[in-house]
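Asker: Next up is a structure, given as structure tokens.
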Amino acid sequence: MTKYLISFPSGAIADEDLQAASDASHAVVEEAKAAGVWVFGGGIDESVPPVLVDRAGTVTEGTYPQTKQLDGGYTVLEVPSREAALEWAAKLAAACRCAQEVRAFHYDPAS
């Protein structure tokens, strides 16, 4: 089975839809848990600024230059196929009232 990242940027949900989207997405989360495909989910805490930590442990504020913006909500599911991931993404898109980006993780036998 492959793990998939399903995500959306924080600005994709209108403020007036936020509570309804949150409630509906939590229902999808419960469905994914019941189906046994739930791995992890959550939103980026945008009040905590990102930092980079190098090999020596030095911490600097900011991100990689090519990372323009990383925010919003994220769900990781482990499903048997890309088609299944797209079906779950459609459920999340309906719940969140916005399109979802879908990406597959490379298989890592240690995870």
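All residue names refer to the structure tokens as shown: chains lettered A, B, ... in order, residues numbered from 1 in each chain, ligands numbered from 1 in order.
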Could you list, with a cut-off of 12 Å and counting only C-alpha atoms, the residues of stretch 68-104 of chain A near stretch 17-37 of chain A, each shown with its nearest atom pair and the distance in Å rounded to one decimal, rows sorted by chain and ascending number, as JSON lines?

Answerer:
{"residue": "A:Gly73", "atom": "CA", "partner": "A:Ser22", "partner_atom": "CA", "distance": 10.4}
{"residue": "A:Tyr74", "atom": "CA", "partner": "A:Ser25", "partner_atom": "CA", "distance": 11.2}
{"residue": "A:Thr75", "atom": "CA", "partner": "A:Val29", "partner_atom": "CA", "distance": 8.7}
{"residue": "A:Val76", "atom": "CA", "partner": "A:Val37", "partner_atom": "CA", "distance": 8.7}
{"residue": "A:Leu77", "atom": "CA", "partner": "A:Val37", "partner_atom": "CA", "distance": 5.3}
{"residue": "A:Glu78", "atom": "CA", "partner": "A:Val37", "partner_atom": "CA", "distance": 5.0}
{"residue": "A:Val79", "atom": "CA", "partner": "A:Val37", "partner_atom": "CA", "distance": 5.9}
{"residue": "A:Pro80", "atom": "CA", "partner": "A:Val37", "partner_atom": "CA", "distance": 9.1}
{"residue": "A:Ser81", "atom": "CA", "partner": "A:Val37", "partner_atom": "CA", "distance": 11.5}
{"residue": "A:Ala84", "atom": "CA", "partner": "A:Val37", "partner_atom": "CA", "distance": 10.1}
{"residue": "A:Ala85", "atom": "CA", "partner": "A:Val37", "partner_atom": "CA", "distance": 9.8}
{"residue": "A:Glu87", "atom": "CA", "partner": "A:Ala32", "partner_atom": "CA", "distance": 11.3}
{"residue": "A:Trp88", "atom": "CA", "partner": "A:Ala32", "partner_atom": "CA", "distance": 8.2}
{"residue": "A:Ala89", "atom": "CA", "partner": "A:Val28", "partner_atom": "CA", "distance": 10.0}
{"residue": "A:Ala90", "atom": "CA", "partner": "A:Val28", "partner_atom": "CA", "distance": 10.4}
{"residue": "A:Lys91", "atom": "CA", "partner": "A:Val28", "partner_atom": "CA", "distance": 6.9}
{"residue": "A:Leu92", "atom": "CA", "partner": "A:Ser25", "partner_atom": "CA", "distance": 6.1}
{"residue": "A:Ala93", "atom": "CA", "partner": "A:Ser25", "partner_atom": "CA", "distance": 8.7}
{"residue": "A:Ala94", "atom": "CA", "partner": "A:Ala24", "partner_atom": "CA", "distance": 8.4}
{"residue": "A:Ala95", "atom": "CA", "partner": "A:Ala24", "partner_atom": "CA", "distance": 4.8}
{"residue": "A:Cys96", "atom": "CA", "partner": "A:Ala21", "partner_atom": "CA", "distance": 4.5}
{"residue": "A:Arg97", "atom": "CA", "partner": "A:Ala21", "partner_atom": "CA", "distance": 6.6}
{"residue": "A:Cys98", "atom": "CA", "partner": "A:Ala21", "partner_atom": "CA", "distance": 9.3}

Asker: Given the selection you just returned, output its residues as a file containing C-alpha atoms, formatted as a PDB file, in the first residue's frame.

Answerer:
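Okay, part-v1.pdb is ready:
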ATOM      1  CA  GLY A  73      -4.216  21.397   5.915  1.00  0.00           C
ATOM      2  CA  TYR A  74      -2.664  18.005   5.332  1.00  0.00           C
ATOM      3  CA  THR A  75      -3.885  14.432   5.422  1.00  0.00           C
ATOM      4  CA  VAL A  76      -1.777  11.307   4.974  1.00  0.00           C
ATOM      5  CA  LEU A  77      -3.653   8.140   4.047  1.00  0.00           C
ATOM      6  CA  GLU A  78      -2.356   4.674   3.214  1.00  0.00           C
ATOM      7  CA  VAL A  79      -4.476   3.200   0.456  1.00  0.00           C
ATOM      8  CA  PRO A  80      -4.112   0.378  -2.093  1.00  0.00           C
ATOM      9  CA  SER A  81      -4.139   2.563  -5.222  1.00  0.00           C
ATOM     10  CA  ALA A  84      -8.451   5.178  -3.951  1.00  0.00           C
ATOM     11  CA  ALA A  85      -6.393   8.231  -2.978  1.00  0.00           C
ATOM     12  CA  GLU A  87     -11.610   9.071  -4.147  1.00  0.00           C
ATOM     13  CA  TRP A  88     -10.608  10.166  -0.651  1.00  0.00           C
ATOM     14  CA  ALA A  89      -9.339  13.491  -2.033  1.00  0.00           C
ATOM     15  CA  ALA A  90     -12.752  14.061  -3.623  1.00  0.00           C
ATOM     16  CA  LYS A  91     -14.426  13.451  -0.253  1.00  0.00           C
ATOM     17  CA  LEU A  92     -12.058  15.912   1.412  1.00  0.00           C
ATOM     18  CA  ALA A  93     -12.579  18.448  -1.383  1.00  0.00           C
ATOM     19  CA  ALA A  94     -16.335  18.285  -0.859  1.00  0.00           C
ATOM     20  CA  ALA A  95     -15.928  18.595   2.911  1.00  0.00           C
ATOM     21  CA  CYS A  96     -13.399  21.435   2.761  1.00  0.00           C
ATOM     22  CA  ARG A  97     -15.125  23.196  -0.140  1.00  0.00           C
ATOM     23  CA  CYS A  98     -11.835  23.448  -2.059  1.00  0.00           C
TER      24      CYS A  98
END

Asker: Determine, counting only C-alpha atoms, which protein, DNA and RNA residues have an atom within 7 Å of an atom of A:Gly62; residues of the same chain fewer than 6 positions away are not included. Present the result as a ChimeraX atom specification.

Answerer: /A:50-52

Asker: As a PyMOL selection string, which residues of chain A does DSSP assign to alpha helix (DSSP H)?

Answerer: chain A and resi 18-35+82-96

Asker: Taking the chain letters and numbering used in this document, name the residues of stretch 4-104 of chain A that DSSP puts in strand (DSSP E), as a ChimeraX atom specification.

Answerer: /A:4-8,38-43,51-53,59-61,73-79,101-104

Asker: If you measure from atom CA of A:Arg82 to atom CA of A:Ala104, what distance in Å do you get, rounded to one decimal?

Answerer: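 Between atom CA of A:Arg82 and atom CA of A:Ala104 the gap works out to 8.0 Å.
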
Asker: To one decimal in Å, tell me the separation between atom CA of A:Gly72 and atom CA of A:Gly43.

Answerer: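 Distance between the two atoms: 5.5 Å.
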
Asker: So, counting only C-alpha atoms, which residue among A:Thr58, A:Thr63, A:Gln100, A:Gln69 is closest to A:Phe8?

Answerer: A:Gln100

Asker: Rounded to one decimal place, report the atom CA of A:Pro65-atom CA of A:Pro49 distance in Å.

Answerer: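 Atom CA of A:Pro49 lies 14.8 Å from atom CA of A:Pro65.
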